[in-house]
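So this block is start_6.csv, CSV, C-alpha atoms:
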```csv
chain,number,residue,atom,x,y,z
A,1,MET,CA,75.5,6.0,101.9
A,2,SER,CA,73.6,8.3,104.2
A,3,LEU,CA,76.0,11.2,103.6
A,4,ILE,CA,75.2,11.5,100.0
A,5,PRO,CA,72.4,14.1,99.4
A,6,THR,CA,69.0,12.8,98.4
A,7,PRO,CA,67.4,14.2,95.2
A,8,ALA,CA,65.2,16.4,97.5
A,9,GLU,CA,68.3,17.7,99.3
A,10,THR,CA,70.1,18.3,96.0
A,11,LEU,CA,67.1,20.3,94.8
A,12,ALA,CA,67.2,22.4,97.9
A,13,ARG,CA,70.8,23.2,97.1
A,14,ALA,CA,69.9,24.1,93.6
A,15,ARG,CA,67.4,26.6,94.7
A,16,THR,CA,70.0,28.4,96.8
A,17,ASP,CA,72.4,28.3,93.9
A,18,LEU,CA,69.9,29.9,91.6
A,19,ARG,CA,69.1,32.6,94.1
A,20,LEU,CA,72.9,33.4,94.2
A,21,GLY,CA,73.1,33.7,90.5
A,22,LEU,CA,74.8,30.4,89.9
A,23,PRO,CA,73.8,28.0,87.2
A,24,VAL,CA,72.8,24.4,87.9
A,25,VAL,CA,73.0,21.4,85.6
A,26,LEU,CA,69.9,19.6,84.5
A,27,GLU,CA,70.4,16.2,82.9
A,28,SER,CA,68.0,14.0,81.0
A,29,ALA,CA,68.8,10.9,78.9
A,30,GLY,CA,72.3,12.1,78.1
A,31,GLU,CA,71.3,15.7,77.4
A,32,LYS,CA,72.7,18.3,79.7
A,33,VAL,CA,71.8,21.9,80.0
A,34,LEU,CA,72.8,24.7,82.3
A,35,VAL,CA,70.0,26.6,84.0
A,36,THR,CA,70.5,30.1,85.3
A,37,ALA,CA,67.9,32.3,86.8
A,38,ALA,CA,67.4,35.4,84.6
A,39,GLU,CA,67.1,37.9,87.4
A,40,GLY,CA,70.4,37.1,89.0
A,41,LEU,CA,72.5,36.9,85.8
A,42,SER,CA,75.6,39.0,85.6
A,43,GLU,CA,77.6,40.0,82.5
A,44,ASP,CA,80.6,38.0,83.6
A,45,ARG,CA,78.6,34.8,84.1
A,46,LEU,CA,76.6,35.3,80.9
A,47,ARG,CA,79.8,35.6,78.9
A,48,ASP,CA,81.1,32.3,80.4
A,49,ILE,CA,77.8,30.6,79.9
A,50,ILE,CA,77.5,31.6,76.3
A,51,GLY,CA,80.9,30.0,75.7
A,52,ILE,CA,79.5,26.6,76.8
A,53,GLY,CA,76.8,26.3,74.2
A,54,PRO,CA,73.7,27.8,72.5
A,55,SER,CA,71.3,29.5,74.9
A,56,VAL,CA,67.6,30.5,74.9
A,57,LEU,CA,65.6,32.4,77.5
A,58,ALA,CA,62.7,30.2,78.8
A,59,ILE,CA,59.7,32.2,80.0
A,60,THR,CA,56.1,31.3,80.7
A,61,ALA,CA,53.3,31.8,78.1
A,62,ARG,CA,51.8,34.5,80.5
A,63,ARG,CA,55.0,36.5,80.2
A,64,ALA,CA,55.3,35.8,76.5
A,65,GLU,CA,51.8,37.2,75.9
A,66,THR,CA,52.8,40.5,77.5
A,67,LEU,CA,55.9,40.6,75.3
A,68,ARG,CA,53.9,39.6,72.2
A,69,ALA,CA,56.2,36.6,71.7
A,70,ARG,CA,55.2,33.2,70.4
A,71,ALA,CA,54.8,30.4,72.9
A,72,TYR,CA,55.1,27.4,70.5
A,73,ASP,CA,55.3,25.0,73.5
A,74,GLY,CA,52.0,25.6,75.1
A,75,ASP,CA,52.8,27.1,78.6
A,76,VAL,CA,56.4,27.9,77.7
A,77,ALA,CA,58.2,30.1,75.2
A,78,ARG,CA,61.9,29.8,74.3
A,79,LEU,CA,63.2,33.2,73.3
A,80,VAL,CA,66.2,33.2,71.0
A,81,LEU,CA,69.0,35.5,72.2
A,82,PRO,CA,69.9,38.2,69.7
A,83,PRO,CA,73.6,38.5,68.7
A,84,ALA,CA,75.8,39.9,71.4
A,85,ALA,CA,72.9,39.9,73.9
A,86,LYS,CA,73.7,41.4,77.2
A,87,ALA,CA,72.5,40.5,80.7
A,88,ASP,CA,70.3,43.6,80.9
A,89,TRP,CA,68.4,42.4,77.7
A,90,ILE,CA,67.7,39.1,79.5
A,91,ARG,CA,66.6,40.8,82.7
A,92,ALA,CA,64.4,43.2,80.8
A,93,ALA,CA,62.6,40.3,79.0
A,94,ALA,CA,62.0,38.6,82.3
A,95,ASP,CA,61.1,41.6,84.5
A,96,PRO,CA,58.0,43.7,83.6
A,97,LYS,CA,59.0,46.7,85.8
A,98,ASP,CA,60.0,48.8,82.8
A,99,ASP,CA,57.5,47.5,80.2
A,100,LEU,CA,55.5,50.7,80.1
A,101,ALA,CA,58.6,52.9,79.9
A,102,THR,CA,60.1,50.8,77.1
A,103,PRO,CA,57.1,49.1,75.4
A,104,MET,CA,58.9,48.3,72.1
A,105,LYS,CA,61.2,45.5,73.5
A,106,GLY,CA,60.9,43.1,70.6
A,107,PRO,CA,60.5,41.7,68.1
A,108,PHE,CA,61.2,38.4,69.8
A,109,GLU,CA,62.1,35.2,68.0
A,110,SER,CA,60.8,32.0,69.6
A,111,ALA,CA,62.5,28.6,69.1
A,112,ARG,CA,60.1,25.9,67.9
A,113,GLU,CA,62.2,22.9,67.2
A,114,GLY,CA,62.9,20.1,69.7
A,115,SER,CA,61.5,19.5,73.1
A,116,ALA,CA,60.8,22.1,75.7
A,117,ASP,CA,60.7,19.7,78.6
A,118,LEU,CA,63.9,20.9,80.2
A,119,HIS,CA,63.0,24.5,79.7
A,120,ARG,CA,59.7,23.9,81.5
A,121,LEU,CA,61.5,22.3,84.4
A,122,ALA,CA,63.9,25.3,84.4
A,123,ILE,CA,61.0,27.7,84.9
A,124,GLY,CA,59.6,25.4,87.6
A,125,LEU,CA,63.0,25.5,89.4
A,126,ALA,CA,63.0,29.3,89.3
A,127,LYS,CA,59.5,29.5,90.6
A,128,SER,CA,60.3,27.1,93.5
A,129,ALA,CA,63.1,29.4,94.5
A,130,HIS,CA,60.7,32.4,94.5
A,131,LEU,CA,62.5,34.0,91.6
A,132,LEU,CA,61.0,35.5,88.4
A,133,PRO,CA,59.8,32.6,86.3
A,134,ALA,CA,62.4,33.0,83.6
A,135,ALA,CA,65.6,31.1,83.1
A,136,LEU,CA,68.5,31.0,80.7
A,137,VAL,CA,68.8,27.5,79.4
A,138,THR,CA,72.2,26.6,77.8
A,139,GLU,CA,73.0,23.4,75.9
A,140,ALA,CA,76.2,22.0,77.4
A,141,LYS,CA,78.2,21.6,74.2
A,142,GLY,CA,81.5,22.5,75.9
A,143,GLY,CA,82.9,21.4,79.2
A,144,ILE,CA,80.8,22.0,82.3
A,145,PRO,CA,82.7,23.7,85.1
A,146,GLU,CA,83.3,21.6,88.2
A,147,GLY,CA,81.4,22.4,91.4
A,148,LEU,CA,78.0,23.0,89.9
A,149,THR,CA,74.9,21.3,91.4
A,150,TRP,CA,73.7,18.5,89.1
A,151,LEU,CA,70.0,17.5,88.9
A,152,LYS,CA,68.3,14.6,87.1
A,153,ALA,CA,65.3,15.9,85.2
A,154,LYS,CA,63.1,12.9,86.2
A,155,ASP,CA,63.8,13.7,89.9
A,156,VAL,CA,63.1,17.4,89.5
A,157,ALA,CA,59.8,16.7,87.6
A,158,HIS,CA,58.6,14.4,90.3
A,159,LEU,CA,59.7,16.6,93.3
A,160,LEU,CA,58.1,19.8,91.9
A,161,GLN,CA,54.8,18.0,91.5
A,162,ALA,CA,54.7,15.7,94.5
A,163,PRO,CA,53.2,16.8,97.8
A,164,THR,CA,55.8,17.6,100.5
A,165,ALA,CA,55.7,15.9,103.9
A,166,HIS,CA,56.1,17.9,107.0
A,167,LYS,CA,57.5,17.0,110.4
A,168,ALA,CA,56.7,18.7,113.7
A,169,VAL,CA,59.8,20.4,115.1
A,170,VAL,CA,58.6,21.9,118.4
A,171,THR,CA,55.6,23.2,120.3
A,172,GLY,CA,55.6,26.1,122.8
A,173,ARG,CA,53.0,27.8,124.9
A,174,VAL,CA,52.2,31.4,123.8
A,175,PRO,CA,49.6,33.3,125.8
A,176,LEU,CA,47.8,35.6,123.3
A,177,GLY,CA,45.6,38.6,123.7
A,178,VAL,CA,42.6,36.6,122.4
A,179,SER,CA,43.3,33.6,124.6
A,180,GLU,CA,45.9,32.7,127.2
A,181,ALA,CA,45.6,29.1,126.1
A,182,GLY,CA,47.6,29.5,123.0
A,183,ARG,CA,50.3,27.1,121.6
A,184,VAL,CA,52.5,27.5,118.6
A,185,HIS,CA,53.6,24.4,116.6
A,186,VAL,CA,56.5,24.7,114.0
A,187,PHE,CA,56.5,22.4,111.1
A,188,ARG,CA,59.4,21.9,108.7
A,189,PRO,CA,59.0,20.6,105.2
A,190,GLU,CA,61.2,17.7,104.2
A,191,ASP,CA,62.2,19.4,100.9
A,192,GLY,CA,64.2,22.1,102.7
A,193,GLY,CA,61.6,24.7,102.1
A,194,GLU,CA,60.3,27.4,104.5
A,195,GLU,CA,58.8,26.4,107.8
A,196,HIS,CA,55.1,26.8,108.5
A,197,TYR,CA,53.5,27.7,111.8
A,198,VAL,CA,50.3,26.7,113.6
A,199,CYS,CA,48.6,28.6,116.4
A,200,GLU,CA,46.3,26.3,118.4
A,201,ILE,CA,43.8,27.9,120.7
A,202,GLY,CA,42.7,25.8,123.6
A,203,ARG,CA,42.5,22.0,123.3
A,204,PRO,CA,40.1,21.4,120.3
A,205,PRO,CA,38.9,17.8,120.2
A,206,ARG,CA,40.2,15.8,117.2
A,207,ASP,CA,37.0,13.9,116.7
A,208,ARG,CA,34.9,16.9,115.7
A,209,PRO,CA,35.3,19.7,113.1
A,210,VAL,CA,37.7,22.3,114.4
A,211,LEU,CA,37.3,26.0,113.6
A,212,ALA,CA,40.3,26.5,111.3
A,213,ARG,CA,41.9,29.1,109.2
A,214,LEU,CA,44.5,28.5,106.5
A,215,HIS,CA,46.2,31.9,106.4
A,216,SER,CA,48.9,32.6,103.8
A,217,ALA,CA,51.7,34.8,105.2
A,218,CYS,CA,51.3,38.5,104.3
A,219,PHE,CA,54.2,40.6,105.7
A,220,THR,CA,52.6,43.8,104.4
A,221,GLY,CA,49.2,43.2,105.8
A,222,ASP,CA,49.8,41.1,108.9
A,223,VAL,CA,52.9,42.9,110.2
A,224,LEU,CA,52.8,46.4,108.7
A,225,GLY,CA,49.0,46.8,108.6
A,226,SER,CA,48.9,47.5,104.9
A,227,LEU,CA,45.6,48.9,103.5
A,228,LYS,CA,46.1,47.3,100.1
A,229,CYS,CA,44.6,44.0,101.2
A,230,ASP,CA,42.3,42.5,103.9
A,231,CYS,CA,44.8,39.9,105.2
A,232,GLY,CA,45.7,41.6,108.5
A,233,ALA,CA,42.0,42.1,109.4
A,234,GLN,CA,41.2,38.5,108.5
A,235,LEU,CA,44.1,37.2,110.6
A,236,GLN,CA,43.0,39.1,113.7
A,237,THR,CA,39.4,38.3,113.2
A,238,ALA,CA,40.0,34.6,112.9
A,239,LEU,CA,42.1,34.5,116.0
A,240,ARG,CA,39.5,36.6,117.9
A,241,GLN,CA,36.7,34.2,116.9
A,242,MET,CA,38.8,31.2,118.0
A,243,GLY,CA,39.4,32.9,121.3
A,244,GLU,CA,35.7,33.6,121.8
A,245,GLU,CA,34.8,30.0,121.1
A,246,GLY,CA,37.7,28.7,123.3
A,247,ALA,CA,39.2,26.5,120.6
A,248,GLY,CA,40.6,26.7,117.1
A,249,VAL,CA,43.6,26.2,114.9
A,250,LEU,CA,45.2,28.8,112.6
A,251,LEU,CA,47.8,27.6,110.1
A,252,TYR,CA,50.2,30.4,109.1
A,253,LEU,CA,51.6,29.1,105.8
A,254,ASN,CA,54.7,30.7,104.3
A,255,GLN,CA,53.2,31.2,100.9
A,256,GLU,CA,53.6,35.0,100.6
A,257,GLY,CA,51.9,36.7,97.7
A,258,ARG,CA,49.7,33.7,96.7
A,259,GLY,CA,52.9,31.6,96.5
A,260,ILE,CA,55.2,33.8,94.5
A,261,GLY,CA,57.3,35.2,97.4
A,262,LEU,CA,57.6,38.6,98.9
A,263,ALA,CA,60.0,40.0,96.3
A,264,ASN,CA,57.7,39.1,93.4
A,265,LYS,CA,54.7,40.3,95.4
A,266,MET,CA,56.4,43.7,95.6
A,267,ARG,CA,57.0,43.6,91.9
A,268,ALA,CA,53.2,42.9,91.5
A,269,TYR,CA,52.5,45.9,93.8
A,270,ALA,CA,54.7,48.1,91.6
A,271,LEU,CA,52.7,47.0,88.5
A,272,GLN,CA,49.4,47.7,90.4
A,273,ASP,CA,50.7,51.3,90.8
A,274,GLN,CA,50.9,51.4,87.0
A,275,GLY,CA,47.2,50.5,86.7
A,276,PHE,CA,47.1,46.7,86.6
A,277,ASP,CA,44.9,44.7,88.9
A,278,THR,CA,46.2,41.8,91.0
A,279,VAL,CA,45.6,39.1,88.5
A,280,GLU,CA,47.0,41.2,85.6
A,281,ALA,CA,50.1,42.0,87.5
A,282,ASN,CA,50.8,38.3,88.3
A,283,HIS,CA,50.3,37.4,84.6
A,284,ARG,CA,52.7,40.2,83.5
A,285,LEU,CA,55.3,38.7,85.8
A,286,GLY,CA,54.8,35.3,84.3
A,287,PHE,CA,52.8,33.7,87.1
A,288,GLU,CA,49.3,32.2,87.3
A,289,ASP,CA,46.6,33.9,89.4
A,290,ASP,CA,47.4,31.7,92.4
A,291,GLU,CA,50.6,29.7,92.8
A,292,ARG,CA,49.9,28.3,96.3
A,293,ASP,CA,49.9,24.7,97.2
A,294,PHE,CA,47.1,24.0,99.6
A,295,ARG,CA,48.2,20.4,100.0
A,296,VAL,CA,50.6,21.8,102.6
A,297,GLY,CA,47.7,22.9,104.9
A,298,ALA,CA,45.9,19.5,104.5
A,299,ASP,CA,49.1,17.6,105.4
A,300,ILE,CA,49.7,19.7,108.5
A,301,LEU,CA,46.1,19.4,109.7
A,302,LYS,CA,46.3,15.6,109.4
A,303,ARG,CA,49.6,15.5,111.3
A,304,LEU,CA,47.9,17.5,114.1
A,305,GLY,CA,45.1,14.9,114.2
A,306,PHE,CA,42.4,16.9,112.4
A,307,ASN,CA,40.3,15.4,109.6
A,308,ALA,CA,37.4,17.8,109.6
A,309,VAL,CA,37.2,21.6,109.8
A,310,ARG,CA,34.9,24.6,110.0
A,311,LEU,CA,36.9,26.6,107.5
A,312,LEU,CA,37.2,30.4,108.0
A,313,THR,CA,37.5,31.6,104.4
A,314,ASN,CA,35.8,33.5,101.6
A,315,ASN,CA,37.4,31.3,99.0
A,316,PRO,CA,35.4,28.4,97.8
A,317,ALA,CA,38.4,27.0,96.0
A,318,LYS,CA,40.0,26.4,99.5
A,319,VAL,CA,37.0,24.3,100.4
A,320,ARG,CA,37.3,22.2,97.3
A,321,MET,CA,41.1,21.8,97.7
A,322,MET,CA,40.7,20.7,101.4
A,323,GLU,CA,38.1,18.2,100.5
A,324,ALA,CA,40.2,16.9,97.6
A,325,GLN,CA,43.0,16.2,100.1
A,326,GLY,CA,40.8,14.3,102.5
A,327,ILE,CA,39.9,17.1,104.9
A,328,ALA,CA,36.1,17.3,105.4
A,329,VAL,CA,34.7,20.8,105.4
A,330,ALA,CA,31.7,20.8,107.6
A,331,GLU,CA,31.1,24.5,107.2
A,332,ARG,CA,32.5,27.5,105.4
A,333,VAL,CA,32.7,30.3,107.9
A,334,PRO,CA,32.8,33.8,106.1
A,335,LEU,CA,35.4,36.4,107.0
A,336,LYS,CA,33.9,39.6,105.7
A,337,VAL,CA,36.2,42.2,107.2
A,338,GLY,CA,38.9,44.7,106.2
A,339,LEU,CA,37.2,46.7,103.4
A,340,ASN,CA,38.6,50.2,103.0
A,341,PRO,CA,38.8,52.7,100.2
A,342,LEU,CA,42.3,51.7,99.3
A,343,ASN,CA,41.6,47.9,98.8
A,344,GLU,CA,38.1,48.2,97.3
A,345,ARG,CA,39.4,47.4,93.8
A,346,TYR,CA,41.6,44.5,95.1
A,347,LEU,CA,38.6,42.9,96.8
A,348,ASP,CA,36.4,43.4,93.7
A,349,VAL,CA,39.0,41.6,91.6
A,350,LYS,CA,39.1,38.8,94.2
A,351,ALA,CA,35.4,38.4,93.8
A,352,LYS,CA,35.1,38.7,90.0
A,353,LYS,CA,38.3,36.9,88.9
A,354,SER,CA,39.2,34.5,91.8
A,355,GLY,CA,35.6,33.6,92.8
A,356,HIS,CA,35.8,34.8,96.4
A,357,ILE,CA,32.4,35.3,98.1
A,358,LEU,CA,32.5,38.8,99.6
```
Go through the file and emit its structure as structure tokens.
Amino acid sequence: MSLIPTPAETLARARTDLRLGLPVVLESAGEKVLVTAAEGLSEDRLRDIIGIGPSVLAITARRAETLRARAYDGDVARLVLPPAAKADWIRAAADPKDDLATPMKGPFESAREGSADLHRLAIGLAKSAHLLPAALVTEAKGGIPEGLTWLKAKDVAHLLQAPTAHKAVVTGRVPLGVSEAGRVHVFRPEDGGEEHYVCEIGRPPRDRPVLARLHSACFTGDVLGSLKCDCGAQLQTALRQMGEEGAGVLLYLNQEGRGIGLANKMRAYALQDQGFDTVEANHRLGFEDDERDFRVGADILKRLGFNAVRLLTNNPAKVRMMEAQGIAVAERVPLKVGLNPLNERYLDVKAKKSGHIL
């Protein structure tokens, strides 16, 4: 029946529910758990959830390290809720914004019996919704309320790992300051995620390497002109170079904050104001250094007819990822712009910890 949501469509619904503070049901081999994003949990909903069954807070090993909690399940820790735990206790364990103000949060007890597979998926769900990577996972011992979104664990595990296909929605002519021969293509992912945009300069031939830039969205740098990063300068320089050559393609990918979303990026900025560098801030939030999926860019390039690029980047990892996805990189074109006194440390961390060639 075509009116029944597919697993991908159901997952898209679940992301919205989590962002609204609603729990979703995750089912595997007869086992059912409720998954609720930690950051959106209210006292009323916590009280009702606790009545359904035993609950633990699933966090990443990165966040557990900051809390000095045991991660018995490798990349995941399952924190046991203390008696009469409140929603603010759960939010404080998930969100590092007050870690320095209240450093003695523990001690935390971590569960170590049984499988953590559903807890790992719960964190993946929260990440995919651009929420903090922490989720309350509740065994459904009592009745499950009607109207909640149900997910099958095997579908979620597959969809969170599988590459997402994109379809072209529309193309429109956009004369630009760097070139009047500008066109914008809009691509929509089939998993219900955010759209991505392509700015094509001129009519680059498809049978030769195209000058290309895979640019991750940076609201603060690209729109506001933030001096904390070099993103805005890289964007403008890439477009200007394409205009000068008369041809090029810039992919503007909605993977803000290295894939963690704008809200979490602002959380990372707040941590940087406390003295942590970019990578340390991401880890304290519970994320990895870089959560972006570069398969997105490769898929869109192929759909535009490009199989080879001259890649405008300082990041050798981008080159390796493009080549791993079947996009030949004929040349890495450096983008050494945007250095200022306020982002000097940020760029230094990029070079030393993320391998950028600056």
Report task. Identify which of the residues A:Asn315, A:Asn282, A:Ser128, A:Ser115 lies closest to Ala12 (chain A), counting only C-alpha atoms when measuring atom-to-atom distances. Result ->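 The answer is A:Ser128, which sits nearest to Ala12 (chain A).
Comparing A:Gly243, A:Pro204, A:Pro96, A:Gly257 by their smallest distance to Val309 (chain A), the closest is A:Pro204 (using all atoms listed in the file).
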Requested in this report: Using only C-alpha atoms, pick whichever of A:Leu148, A:Val337, A:Ala181, A:Ala157 has the shortest atom-to-atom distance to Leu235 (chain A).
Outcome: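 Using only C-alpha atoms, Leu235 (chain A) sits closest to A:Val337.
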Report task. Please indicate the distance in Å from CA of Leu339 (chain A) to CA of Ser226 (chain A), rounded to one decimal place. Result ->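 For CA of Leu339 (chain A) relative to CA of Ser226 (chain A), the distance reads 11.8 Å.
Compared by their closest atoms to Lys97 (chain A), and using only C-alpha atoms, the residues A:Leu79, A:Leu250, A:Ala58, A:Leu132 rank with A:Leu132 nearest.
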Query raised in the report: Between CA of Val80 (chain A) and CA of Val24 (chain A), what is the spacing in Å?
Result: 20.2 Å
Report task. Return the single residue from A:Met1, A:Leu34, A:Leu251, A:Ala238 that is closest to His196 (chain A), with distances computed using only C-alpha atoms. Result ->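 Comparing A:Met1, A:Leu34, A:Leu251, A:Ala238 against His196 (chain A), the winner is A:Leu251.
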Query raised in the report: Nearest to Thr138 (chain A) among A:Lys265, A:His166, A:Lys32, A:Arg213, with distances taken over only C-alpha atoms: which residue is it?
Result: A:Lys32
Report task. Could you please determine the separation between CA of Gly21 (chain A) and CA of Trp89 (chain A) in Å, to one decimal place? Result -> 16.2 Å
Pick out the residues sitting within 9 Å of Val223 (chain A), and hand them over as an mmCIF file with C-alpha atoms, in the frame of the given file; count all atoms listed in the file, and ignore anything fewer than 4 positions along from it in its own chain.
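Okay, selection.cif is ready:
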```cif
data_model
loop_
_atom_site.group_PDB
_atom_site.id
_atom_site.type_symbol
_atom_site.label_atom_id
_atom_site.label_comp_id
_atom_site.auth_asym_id
_atom_site.auth_seq_id
_atom_site.Cartn_x
_atom_site.Cartn_y
_atom_site.Cartn_z
ATOM 1 C CA CYS A 218 51.300 38.500 104.300
ATOM 2 C CA PHE A 219 54.200 40.600 105.700
ATOM 3 C CA GLY A 232 45.700 41.600 108.500
#
```
Requested in this report: Please write as a list in words the list of polymer residues whose atoms come within 12 Å of (60.4, 44.2, 73.2), counting all atoms listed in the file and keeping to the coordinates of the file.
Outcome: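 Answer for this query, in the requested form: Arg63, Ala64, Glu65, Thr66, Leu67, Arg68, Ala69, Leu79, Pro82, Trp89, Ile90, Arg91, Ala92, Ala93, Ala94, Asp95, Pro96, Asp98, Asp99, Leu100, Ala101, Thr102, Pro103, Met104, Lys105, Gly106, Pro107, Phe108 and Glu109 of chain A.
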Pull C-alpha atoms from the residues just selected and write them as a PDB file, in the coordinates of the input.
```
ATOM      1  CA  ARG A  63      55.000  36.500  80.200  1.00  0.00           C
ATOM      2  CA  ALA A  64      55.300  35.800  76.500  1.00  0.00           C
ATOM      3  CA  GLU A  65      51.800  37.200  75.900  1.00  0.00           C
ATOM      4  CA  THR A  66      52.800  40.500  77.500  1.00  0.00           C
ATOM      5  CA  LEU A  67      55.900  40.600  75.300  1.00  0.00           C
ATOM      6  CA  ARG A  68      53.900  39.600  72.200  1.00  0.00           C
ATOM      7  CA  ALA A  69      56.200  36.600  71.700  1.00  0.00           C
ATOM      8  CA  LEU A  79      63.200  33.200  73.300  1.00  0.00           C
ATOM      9  CA  PRO A  82      69.900  38.200  69.700  1.00  0.00           C
ATOM     10  CA  TRP A  89      68.400  42.400  77.700  1.00  0.00           C
ATOM     11  CA  ILE A  90      67.700  39.100  79.500  1.00  0.00           C
ATOM     12  CA  ARG A  91      66.600  40.800  82.700  1.00  0.00           C
ATOM     13  CA  ALA A  92      64.400  43.200  80.800  1.00  0.00           C
ATOM     14  CA  ALA A  93      62.600  40.300  79.000  1.00  0.00           C
ATOM     15  CA  ALA A  94      62.000  38.600  82.300  1.00  0.00           C
ATOM     16  CA  ASP A  95      61.100  41.600  84.500  1.00  0.00           C
ATOM     17  CA  PRO A  96      58.000  43.700  83.600  1.00  0.00           C
ATOM     18  CA  ASP A  98      60.000  48.800  82.800  1.00  0.00           C
ATOM     19  CA  ASP A  99      57.500  47.500  80.200  1.00  0.00           C
ATOM     20  CA  LEU A 100      55.500  50.700  80.100  1.00  0.00           C
ATOM     21  CA  ALA A 101      58.600  52.900  79.900  1.00  0.00           C
ATOM     22  CA  THR A 102      60.100  50.800  77.100  1.00  0.00           C
ATOM     23  CA  PRO A 103      57.100  49.100  75.400  1.00  0.00           C
ATOM     24  CA  MET A 104      58.900  48.300  72.100  1.00  0.00           C
ATOM     25  CA  LYS A 105      61.200  45.500  73.500  1.00  0.00           C
ATOM     26  CA  GLY A 106      60.900  43.100  70.600  1.00  0.00           C
ATOM     27  CA  PRO A 107      60.500  41.700  68.100  1.00  0.00           C
ATOM     28  CA  PHE A 108      61.200  38.400  69.800  1.00  0.00           C
ATOM     29  CA  GLU A 109      62.100  35.200  68.000  1.00  0.00           C
TER      30      GLU A 109
END
```
**Report entry** For Asn314 (chain A): contacts at 6 Å, only C-alpha atoms, fewer than 3 positions along chain excluded, given as a PyMOL selection string
**Finding:** chain A and resi 334+356-357
Requested in this report: Give me the residues within 10 Å of Leu26 (chain A) as an MDAnalysis selection string, counting only C-alpha atoms and dropping any in the same chain fewer than 6 places off.
Outcome: chainID A and resid 32:35 118:119 121:122 137:140 149:154 156
Neighbourhood query: residues within 12 Å of (77.0, 40.9, 86.9), file coordinates, counting only C-alpha atoms; return as a PDB file with C-alpha atoms, in the coordinates of the input.
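Dumped to result_28.pdb:
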```
ATOM      1  CA  LEU A  20      72.900  33.400  94.200  1.00  0.00           C
ATOM      2  CA  GLY A  21      73.100  33.700  90.500  1.00  0.00           C
ATOM      3  CA  LEU A  22      74.800  30.400  89.900  1.00  0.00           C
ATOM      4  CA  ALA A  38      67.400  35.400  84.600  1.00  0.00           C
ATOM      5  CA  GLU A  39      67.100  37.900  87.400  1.00  0.00           C
ATOM      6  CA  GLY A  40      70.400  37.100  89.000  1.00  0.00           C
ATOM      7  CA  LEU A  41      72.500  36.900  85.800  1.00  0.00           C
ATOM      8  CA  SER A  42      75.600  39.000  85.600  1.00  0.00           C
ATOM      9  CA  GLU A  43      77.600  40.000  82.500  1.00  0.00           C
ATOM     10  CA  ASP A  44      80.600  38.000  83.600  1.00  0.00           C
ATOM     11  CA  ARG A  45      78.600  34.800  84.100  1.00  0.00           C
ATOM     12  CA  LEU A  46      76.600  35.300  80.900  1.00  0.00           C
ATOM     13  CA  ARG A  47      79.800  35.600  78.900  1.00  0.00           C
ATOM     14  CA  ASP A  48      81.100  32.300  80.400  1.00  0.00           C
ATOM     15  CA  LYS A  86      73.700  41.400  77.200  1.00  0.00           C
ATOM     16  CA  ALA A  87      72.500  40.500  80.700  1.00  0.00           C
ATOM     17  CA  ASP A  88      70.300  43.600  80.900  1.00  0.00           C
ATOM     18  CA  ARG A  91      66.600  40.800  82.700  1.00  0.00           C
TER      19      ARG A  91
END
```
**Report entry** Shell of 10 Å around Gly177 (chain A), all atoms listed in the file, local chain residues under 2 positions omitted, as a ChimeraX atom specification
**Finding:** /A:174-175,179-182,239-240,243
**Report entry** Surrounding residues of Arg78 (chain A) excluding itself and chain neighbours under 5 positions, 6 Å, all atoms listed in the file, as a list in words
**Finding:** Val56, Leu57, Ala58, Ser110 and Ala111 of chain A
Using C-alpha atoms, can you export the residues from the last selection as an mmCIF file, in the coordinates of the input?
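Once everything was written out, this is selection-v7.cif:
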```cif
data_model
loop_
_atom_site.group_PDB
_atom_site.id
_atom_site.type_symbol
_atom_site.label_atom_id
_atom_site.label_comp_id
_atom_site.auth_asym_id
_atom_site.auth_seq_id
_atom_site.Cartn_x
_atom_site.Cartn_y
_atom_site.Cartn_z
ATOM 1 C CA VAL A 56 67.600 30.500 74.900
ATOM 2 C CA LEU A 57 65.600 32.400 77.500
ATOM 3 C CA ALA A 58 62.700 30.200 78.800
ATOM 4 C CA SER A 110 60.800 32.000 69.600
ATOM 5 C CA ALA A 111 62.500 28.600 69.100
#
```
